[in-house]
Amino acid sequence: MSAAPASRWLGLDALRGLTIAAMILVNNPGDWGHIHAPLKHAEWHGCTPTDLIFPTFLFVAGVAIVPALQRARERGIADAELIPRILKRMLLLLGIGMFLSAFPLITFAAGKDLFDPLWTVRFPGVLQRIGVCYAIAAILFLRTTERMQRAVLVGCLAVYWPLIELIPVPGHGFPDIGDHRTHMHLPGWMDRRVFGSHTWGGRPYDPEGLLSTIPAVATALLGVQAGRVLARPSALEGKVLELLLRGVLLATAGAVWGWFFPINKPLWTSSYVLWAGGLSTAALGVAVWAFEVKPWARWARPLQIYGVNALLVFVGSALLARVVGRLWTVTGGDGKTVSVQKWLYSELLASWADPYVASLLWAVLWISGWFVALAWLWRRGIVWKV
């Protein structure tokens with residue numbers, strides 16, 4: 001834990017806070033069988049509001065690279081010292097992500113082999129992808145020019161298209177990305193070869209798999225480009241206008257490219273990168289306009305409270321949800337053993353509310369409870385970061 005820095009980009013914190021709050025909301029419904037459509041992922045091709053959450057979080061991580069590393073350089077820290085710090089942070093994020101994947105599969109019960117459950121643990125994950133993409137984007141920011149970073153960004157998107165659409169899949173032939181049930185595409189084949197069954201739900205591909213990390217790096221680099229705009233010593237109004245214009249152009253390009261290379265989150269297609277990255281860029285511009293140009297900074301406080309401790313609430317919420325949803329049980333009125341989460345949900349909400357309303361209310365109560373905890377930390381200037 002550390003004290004929060006005195007000087008931060010308020011618009012960036014607000015967008016990060018909105019994104020992590022949205023992530024917690026969609027990850028914690030009262031009942032997975034009753035979820036409103038906007039809070040679900042698209043089944044395959046297409047993009048719902050929920051599909052925009054993860055790329056926005058990765059985009060924000062890219063934006064944050066710029067002020068963090070610029071401040072480090074201003075303090076006289078050399079690149080040779082910064083790069084090991086970047087790699088250390090990547091490894092910590094990988095480790096935390098793997099711990100989340102393993103918890104609560106690892107049991108300490110007597111007579112059990114501690115390592116048996118590890119054979120079912122998922123290797124890729126959200127934090128793992130963030131760690132890898134952050135490290136690549138940060139090192140590129142330190143060691144290459146802005147022009148080179150743009151070239152890498154474009155190269156990631158351009159190379160990924162033929163890899164998905166044109167390269168034959170070993171043992172199958174021409175790739176097929178038209179139906180999620182086929183899994184006959186290069187990312188799926190590579191995930192099966194490298195991870196085996198250590199994928200999301202044991203599926204034959206992983207939405208945070210190896211090959212789709214290539215365009216995910218481009219998402220982080222779009223954030224770096226937006227961060228460079230905000231770091232310029234010029235008027236905020238001009239920066240906002242540029243972010244909004246960039247966002248519209250990127251999203252339009254993504255929508256047009258989607259006619260040929262469908263927008264698809266599980267494959268993290270190049271069109272998806274531009275579509276989601278464009279909307280994220282525009283959202284950052286709106287946040288900066290609302291909370292830094294306009295005198296509405298006080299309205300950003302709830303989002304900022306979430307934003308400065310995004311990692312803590314992501315990890316803490318996931319762990320607590322698994323404790324109350326799997327490990328901690330009670331005996332219900334019918335004599336059956338149920339999880340605390342199911343019992344509370346049934347008694348407090350499902351007993352009187354429409355199932356979809358009750359499920360959403362549980363998620364709202366969940367993020368509200370975490371807000372109380374984060375506000376307590378905020379008042380004490382405590383931030384958890386790696």
# chains A, B, ... in the order shown; residues from 1 in each chain; ligands from 1
call {"tool": "residues_around", "arguments": {"residues": "Ser368 in chain A", "least_positions_apart": "3", "cutoff": "12 Å", "atoms": "only C-alpha atoms", "output": "list in words"}}
result
Ala21, Ala22, Ile24, Leu25, Pro302, Leu303, Ile305, Tyr306, Val313, Ser317, Leu361, Trp362, Ala363, Val364, Leu365, Phe371, Val372, Ala373, Leu374 and Ala375 of chain A
call {"tool": "write_last_selection", "arguments": {"atoms": "N, CA and C atoms", "output": "PDB file, in the first residue's frame"}}
result
ATOM      1  N   ALA A  21     -15.726  -0.202 -12.275  1.00  0.00           N
ATOM      2  CA  ALA A  21     -17.048  -0.370 -11.671  1.00  0.00           C
ATOM      3  C   ALA A  21     -17.967  -1.166 -12.598  1.00  0.00           C
ATOM      4  N   ALA A  22     -17.890  -0.879 -13.905  1.00  0.00           N
ATOM      5  CA  ALA A  22     -18.683  -1.636 -14.867  1.00  0.00           C
ATOM      6  C   ALA A  22     -18.253  -3.100 -14.907  1.00  0.00           C
ATOM      7  N   ILE A  24     -16.929  -4.833 -12.413  1.00  0.00           N
ATOM      8  CA  ILE A  24     -17.432  -5.475 -11.196  1.00  0.00           C
ATOM      9  C   ILE A  24     -18.937  -5.727 -11.332  1.00  0.00           C
ATOM     10  N   LEU A  25     -19.652  -4.798 -11.944  1.00  0.00           N
ATOM     11  CA  LEU A  25     -21.100  -4.941 -12.115  1.00  0.00           C
ATOM     12  C   LEU A  25     -21.446  -6.168 -12.949  1.00  0.00           C
ATOM     13  N   PRO A 302     -16.702   9.949  -7.015  1.00  0.00           N
ATOM     14  CA  PRO A 302     -16.995   8.518  -6.878  1.00  0.00           C
ATOM     15  C   PRO A 302     -16.221   7.656  -7.874  1.00  0.00           C
ATOM     16  N   LEU A 303     -16.097   8.136  -9.109  1.00  0.00           N
ATOM     17  CA  LEU A 303     -15.353   7.380 -10.115  1.00  0.00           C
ATOM     18  C   LEU A 303     -13.871   7.379  -9.789  1.00  0.00           C
ATOM     19  N   ILE A 305     -12.527   7.537  -6.841  1.00  0.00           N
ATOM     20  CA  ILE A 305     -12.316   6.632  -5.704  1.00  0.00           C
ATOM     21  C   ILE A 305     -12.179   5.198  -6.192  1.00  0.00           C
ATOM     22  N   TYR A 306     -12.998   4.809  -7.170  1.00  0.00           N
ATOM     23  CA  TYR A 306     -12.859   3.493  -7.766  1.00  0.00           C
ATOM     24  C   TYR A 306     -11.587   3.406  -8.610  1.00  0.00           C
ATOM     25  N   VAL A 313      -9.775  -3.423  -6.043  1.00  0.00           N
ATOM     26  CA  VAL A 313     -11.182  -3.819  -6.095  1.00  0.00           C
ATOM     27  C   VAL A 313     -11.395  -4.977  -7.068  1.00  0.00           C
ATOM     28  N   SER A 317     -12.726  -8.066  -5.105  1.00  0.00           N
ATOM     29  CA  SER A 317     -14.080  -8.471  -5.461  1.00  0.00           C
ATOM     30  C   SER A 317     -14.122  -9.908  -5.950  1.00  0.00           C
ATOM     31  N   LEU A 361     -29.977  -5.789  -9.010  1.00  0.00           N
ATOM     32  CA  LEU A 361     -29.875  -5.130  -7.714  1.00  0.00           C
ATOM     33  C   LEU A 361     -28.730  -5.711  -6.886  1.00  0.00           C
ATOM     34  N   TRP A 362     -28.551  -7.038  -6.961  1.00  0.00           N
ATOM     35  CA  TRP A 362     -27.452  -7.653  -6.230  1.00  0.00           C
ATOM     36  C   TRP A 362     -26.112  -7.071  -6.705  1.00  0.00           C
ATOM     37  N   ALA A 363     -25.950  -6.945  -8.024  1.00  0.00           N
ATOM     38  CA  ALA A 363     -24.703  -6.395  -8.568  1.00  0.00           C
ATOM     39  C   ALA A 363     -24.505  -4.949  -8.139  1.00  0.00           C
ATOM     40  N   VAL A 364     -25.604  -4.167  -8.115  1.00  0.00           N
ATOM     41  CA  VAL A 364     -25.506  -2.770  -7.691  1.00  0.00           C
ATOM     42  C   VAL A 364     -25.123  -2.681  -6.216  1.00  0.00           C
ATOM     43  N   LEU A 365     -25.729  -3.531  -5.390  1.00  0.00           N
ATOM     44  CA  LEU A 365     -25.368  -3.557  -3.976  1.00  0.00           C
ATOM     45  C   LEU A 365     -23.902  -3.960  -3.783  1.00  0.00           C
ATOM     46  N   PHE A 371     -17.667   0.345  -2.836  1.00  0.00           N
ATOM     47  CA  PHE A 371     -17.410   1.790  -2.831  1.00  0.00           C
ATOM     48  C   PHE A 371     -17.187   2.295  -1.410  1.00  0.00           C
ATOM     49  N   VAL A 372     -17.960   1.787  -0.462  1.00  0.00           N
ATOM     50  CA  VAL A 372     -17.784   2.194   0.933  1.00  0.00           C
ATOM     51  C   VAL A 372     -16.365   1.859   1.406  1.00  0.00           C
ATOM     52  N   ALA A 373     -15.904   0.644   1.082  1.00  0.00           N
ATOM     53  CA  ALA A 373     -14.551   0.235   1.486  1.00  0.00           C
ATOM     54  C   ALA A 373     -13.487   1.087   0.801  1.00  0.00           C
ATOM     55  N   LEU A 374     -13.673   1.357  -0.487  1.00  0.00           N
ATOM     56  CA  LEU A 374     -12.691   2.152  -1.223  1.00  0.00           C
ATOM     57  C   LEU A 374     -12.681   3.605  -0.752  1.00  0.00           C
ATOM     58  N   ALA A 375     -13.849   4.128  -0.389  1.00  0.00           N
ATOM     59  CA  ALA A 375     -13.917   5.501   0.124  1.00  0.00           C
ATOM     60  C   ALA A 375     -13.161   5.619   1.440  1.00  0.00           C
TER      61      ALA A 375
END
call {"tool": "closest_atom_pairs", "arguments": {"of": "range 33-70 of chain A", "to": "range 187-208 of chain A", "cutoff": "12 Å", "atoms": "only C-alpha atoms", "output": "CSV"}}
result
residue,atom,partner,partner_atom,distance
A:His41,CA,A:Pro207,CA,11.6
A:Trp44,CA,A:Pro207,CA,10.8
A:Asp51,CA,A:Pro207,CA,11.5
A:Phe54,CA,A:Glu208,CA,10.5
A:Pro55,CA,A:Glu208,CA,11.4
call {"tool": "select_by_dssp", "arguments": {"residues": "range 218-341 of chain A", "states": "alpha helix (DSSP H)", "output": "ChimeraX atom specification"}}
result
/A:218-231,236-257,270-288,301-308,310-322,340-341
call {"tool": "select_by_dssp", "arguments": {"residues": "range 270-373 of chain A", "states": "strand (DSSP E)", "output": "ChimeraX atom specification"}}
result
/A:329-331,337-339
call {"tool": "write_last_selection", "arguments": {"atoms": "C-alpha atoms", "output": "compact mmCIF listing (two decimals), in the first residue's frame"}}
result
# COMPACT_ATOMS: atom_id res chain seq x y z
CA THR A 329 -22.11 -22.06 3.14
CA VAL A 330 -25.16 -22.04 5.41
CA THR A 331 -28.13 -24.30 5.94
CA THR A 337 -26.68 -26.42 2.32
CA VAL A 338 -26.30 -23.38 0.07
CA SER A 339 -23.68 -20.69 -0.41
call {"tool": "residues_around", "arguments": {"residues": "range 77-87 of chain A", "least_positions_apart": "2", "cutoff": "12 Å", "atoms": "only C-alpha atoms", "output": "ChimeraX atom specification"}}
result
/A:65,68-75,89-94,131-144,386
call {"tool": "write_last_selection", "arguments": {"atoms": "C-alpha atoms", "output": "tab-separated table (two decimals), in the first residue's frame"}}
result
chain	number	residue	atom	x	y	z
A	65	ILE	CA	2.10	4.60	-19.01
A	68	ALA	CA	4.02	7.40	-14.93
A	69	LEU	CA	7.18	6.98	-16.98
A	70	GLN	CA	7.53	10.68	-17.73
A	71	ARG	CA	7.42	11.47	-14.00
A	72	ALA	CA	10.00	8.75	-13.37
A	73	ARG	CA	12.33	10.27	-15.94
A	74	GLU	CA	11.83	13.72	-14.45
A	75	ARG	CA	12.99	12.30	-11.11
A	89	ARG	CA	5.26	-5.38	-12.46
A	90	MET	CA	4.41	-7.66	-15.35
A	91	LEU	CA	5.48	-10.72	-13.35
A	92	LEU	CA	3.48	-9.56	-10.34
A	93	LEU	CA	0.36	-9.15	-12.47
A	94	LEU	CA	0.94	-12.59	-13.98
A	131	GLY	CA	0.60	-7.47	-17.55
A	132	VAL	CA	2.05	-8.62	-20.87
A	133	CYS	CA	0.52	-5.81	-22.94
A	134	TYR	CA	1.51	-3.18	-20.37
A	135	ALA	CA	5.12	-4.36	-20.37
A	136	ILE	CA	5.42	-4.40	-24.15
A	137	ALA	CA	3.78	-0.99	-24.55
A	138	ALA	CA	5.82	0.55	-21.72
A	139	ILE	CA	9.15	-0.69	-23.06
A	140	LEU	CA	8.24	0.52	-26.54
A	141	PHE	CA	7.38	3.92	-25.06
A	142	LEU	CA	10.77	4.10	-23.36
A	143	ARG	CA	12.98	2.73	-26.11
A	144	THR	CA	11.36	3.70	-29.43
A	386	VAL	CA	2.26	-3.22	-7.92
call {"tool": "closest_residue", "arguments": {"among": "A:Gly97, A:Ala255, A:Ala216, A:Ser359", "to": "Phe123 in chain A", "atoms": "only C-alpha atoms"}}
result
A:Gly97
call {"tool": "decode", "arguments": {"residues": "range 10-144 of chain A", "atoms": "C-alpha atoms", "output": "CSV table (one decimal), in the first residue's frame"}}
result
chain,number,residue,atom,x,y,z
A,10,LEU,CA,-8.6,13.4,-13.2
A,11,GLY,CA,-10.2,12.4,-16.5
A,12,LEU,CA,-8.1,9.3,-16.7
A,13,ASP,CA,-8.9,8.3,-13.1
A,14,ALA,CA,-12.6,8.9,-13.8
A,15,LEU,CA,-12.6,6.7,-16.9
A,16,ARG,CA,-10.6,4.0,-15.1
A,17,GLY,CA,-13.1,4.1,-12.2
A,18,LEU,CA,-16.1,3.9,-14.5
A,19,THR,CA,-14.5,1.0,-16.3
A,20,ILE,CA,-13.6,-1.1,-13.2
A,21,ALA,CA,-17.0,-0.4,-11.7
A,22,ALA,CA,-18.7,-1.6,-14.9
A,23,MET,CA,-16.4,-4.7,-14.8
A,24,ILE,CA,-17.4,-5.5,-11.2
A,25,LEU,CA,-21.1,-4.9,-12.1
A,26,VAL,CA,-21.1,-7.4,-15.0
A,27,ASN,CA,-19.0,-10.0,-13.1
A,28,ASN,CA,-21.3,-10.1,-10.1
A,29,PRO,CA,-25.0,-10.7,-11.0
A,30,GLY,CA,-27.3,-12.2,-8.4
A,31,ASP,CA,-28.2,-15.0,-10.8
A,32,TRP,CA,-26.3,-15.8,-14.0
A,33,GLY,CA,-29.5,-17.1,-15.5
A,34,HIS,CA,-31.1,-13.7,-15.3
A,35,ILE,CA,-28.9,-11.0,-16.9
A,36,HIS,CA,-30.1,-8.1,-19.0
A,37,ALA,CA,-28.8,-8.2,-22.6
A,38,PRO,CA,-26.4,-5.2,-22.4
A,39,LEU,CA,-24.6,-6.9,-19.4
A,40,LYS,CA,-23.8,-10.0,-21.5
A,41,HIS,CA,-21.0,-10.6,-24.0
A,42,ALA,CA,-21.9,-11.1,-27.6
A,43,GLU,CA,-22.1,-14.8,-28.3
A,44,TRP,CA,-19.5,-14.5,-31.1
A,45,HIS,CA,-19.4,-11.7,-33.7
A,46,GLY,CA,-20.6,-8.3,-32.6
A,47,CYS,CA,-20.1,-6.0,-29.6
A,48,THR,CA,-22.3,-5.3,-26.6
A,49,PRO,CA,-21.5,-2.6,-23.9
A,50,THR,CA,-20.0,-5.4,-21.8
A,51,ASP,CA,-17.6,-6.3,-24.7
A,52,LEU,CA,-16.1,-2.7,-24.4
A,53,ILE,CA,-15.1,-3.0,-20.7
A,54,PHE,CA,-11.9,-5.0,-21.0
A,55,PRO,CA,-10.4,-3.2,-24.0
A,56,THR,CA,-11.2,0.1,-22.3
A,57,PHE,CA,-9.4,-1.0,-19.2
A,58,LEU,CA,-6.4,-2.1,-21.3
A,59,PHE,CA,-6.5,1.2,-23.2
A,60,VAL,CA,-6.5,3.1,-19.9
A,61,ALA,CA,-3.5,1.1,-18.7
A,62,GLY,CA,-1.7,2.3,-21.9
A,63,VAL,CA,-2.7,5.9,-21.3
A,64,ALA,CA,-1.3,5.7,-17.7
A,65,ILE,CA,2.1,4.6,-19.0
A,66,VAL,CA,2.8,8.1,-20.3
A,67,PRO,CA,2.5,10.2,-17.1
A,68,ALA,CA,4.0,7.4,-14.9
A,69,LEU,CA,7.2,7.0,-17.0
A,70,GLN,CA,7.5,10.7,-17.7
A,71,ARG,CA,7.4,11.5,-14.0
A,72,ALA,CA,10.0,8.7,-13.4
A,73,ARG,CA,12.3,10.3,-15.9
A,74,GLU,CA,11.8,13.7,-14.4
A,75,ARG,CA,13.0,12.3,-11.1
A,76,GLY,CA,16.2,11.2,-12.8
A,77,ILE,CA,15.5,7.5,-13.0
A,78,ALA,CA,17.3,6.0,-16.0
A,79,ASP,CA,15.6,3.7,-18.5
A,80,ALA,CA,18.0,0.9,-17.5
A,81,GLU,CA,16.4,1.0,-14.1
A,82,LEU,CA,12.8,1.5,-15.3
A,83,ILE,CA,12.8,-1.6,-17.5
A,84,PRO,CA,13.4,-4.1,-14.7
A,85,ARG,CA,10.6,-2.3,-12.8
A,86,ILE,CA,8.3,-2.8,-15.7
A,87,LEU,CA,9.2,-6.4,-16.0
A,88,LYS,CA,8.7,-6.9,-12.3
A,89,ARG,CA,5.3,-5.4,-12.5
A,90,MET,CA,4.4,-7.7,-15.4
A,91,LEU,CA,5.5,-10.7,-13.4
A,92,LEU,CA,3.5,-9.6,-10.3
A,93,LEU,CA,0.4,-9.2,-12.5
A,94,LEU,CA,0.9,-12.6,-14.0
A,95,GLY,CA,1.3,-14.1,-10.5
A,96,ILE,CA,-1.8,-12.4,-9.1
A,97,GLY,CA,-3.8,-13.5,-12.2
A,98,MET,CA,-2.6,-17.1,-11.7
A,99,PHE,CA,-3.5,-16.9,-8.1
A,100,LEU,CA,-7.1,-15.7,-9.0
A,101,SER,CA,-7.3,-18.6,-11.4
A,102,ALA,CA,-6.2,-21.1,-8.8
A,103,PHE,CA,-8.4,-19.8,-6.0
A,104,PRO,CA,-10.3,-21.6,-4.5
A,105,LEU,CA,-9.3,-24.7,-6.5
A,106,ILE,CA,-6.3,-25.2,-4.2
A,107,THR,CA,-7.5,-26.8,-1.0
A,108,PHE,CA,-5.6,-27.1,2.2
A,109,ALA,CA,-7.8,-29.9,3.5
A,110,ALA,CA,-6.0,-32.7,5.3
A,111,GLY,CA,-5.3,-35.7,3.1
A,112,LYS,CA,-5.5,-33.7,-0.1
A,113,ASP,CA,-2.6,-33.2,-2.5
A,114,LEU,CA,-2.2,-29.4,-2.7
A,115,PHE,CA,-1.0,-29.6,-6.4
A,116,ASP,CA,-3.7,-31.8,-7.8
A,117,PRO,CA,-6.1,-29.0,-8.5
A,118,LEU,CA,-3.4,-27.1,-10.4
A,119,TRP,CA,-3.9,-29.4,-13.3
A,120,THR,CA,-7.3,-27.7,-13.9
A,121,VAL,CA,-6.1,-24.1,-13.5
A,122,ARG,CA,-6.6,-21.7,-16.4
A,123,PHE,CA,-3.2,-20.2,-17.5
A,124,PRO,CA,-4.3,-17.1,-19.5
A,125,GLY,CA,-6.5,-14.4,-17.9
A,126,VAL,CA,-7.4,-10.7,-17.6
A,127,LEU,CA,-4.5,-9.7,-15.4
A,128,GLN,CA,-2.1,-11.9,-17.4
A,129,ARG,CA,-3.0,-10.1,-20.6
A,130,ILE,CA,-2.8,-6.7,-18.9
A,131,GLY,CA,0.6,-7.5,-17.5
A,132,VAL,CA,2.0,-8.6,-20.9
A,133,CYS,CA,0.5,-5.8,-22.9
A,134,TYR,CA,1.5,-3.2,-20.4
A,135,ALA,CA,5.1,-4.4,-20.4
A,136,ILE,CA,5.4,-4.4,-24.2
A,137,ALA,CA,3.8,-1.0,-24.5
A,138,ALA,CA,5.8,0.6,-21.7
A,139,ILE,CA,9.2,-0.7,-23.1
A,140,LEU,CA,8.2,0.5,-26.5
A,141,PHE,CA,7.4,3.9,-25.1
A,142,LEU,CA,10.8,4.1,-23.4
A,143,ARG,CA,13.0,2.7,-26.1
A,144,THR,CA,11.4,3.7,-29.4
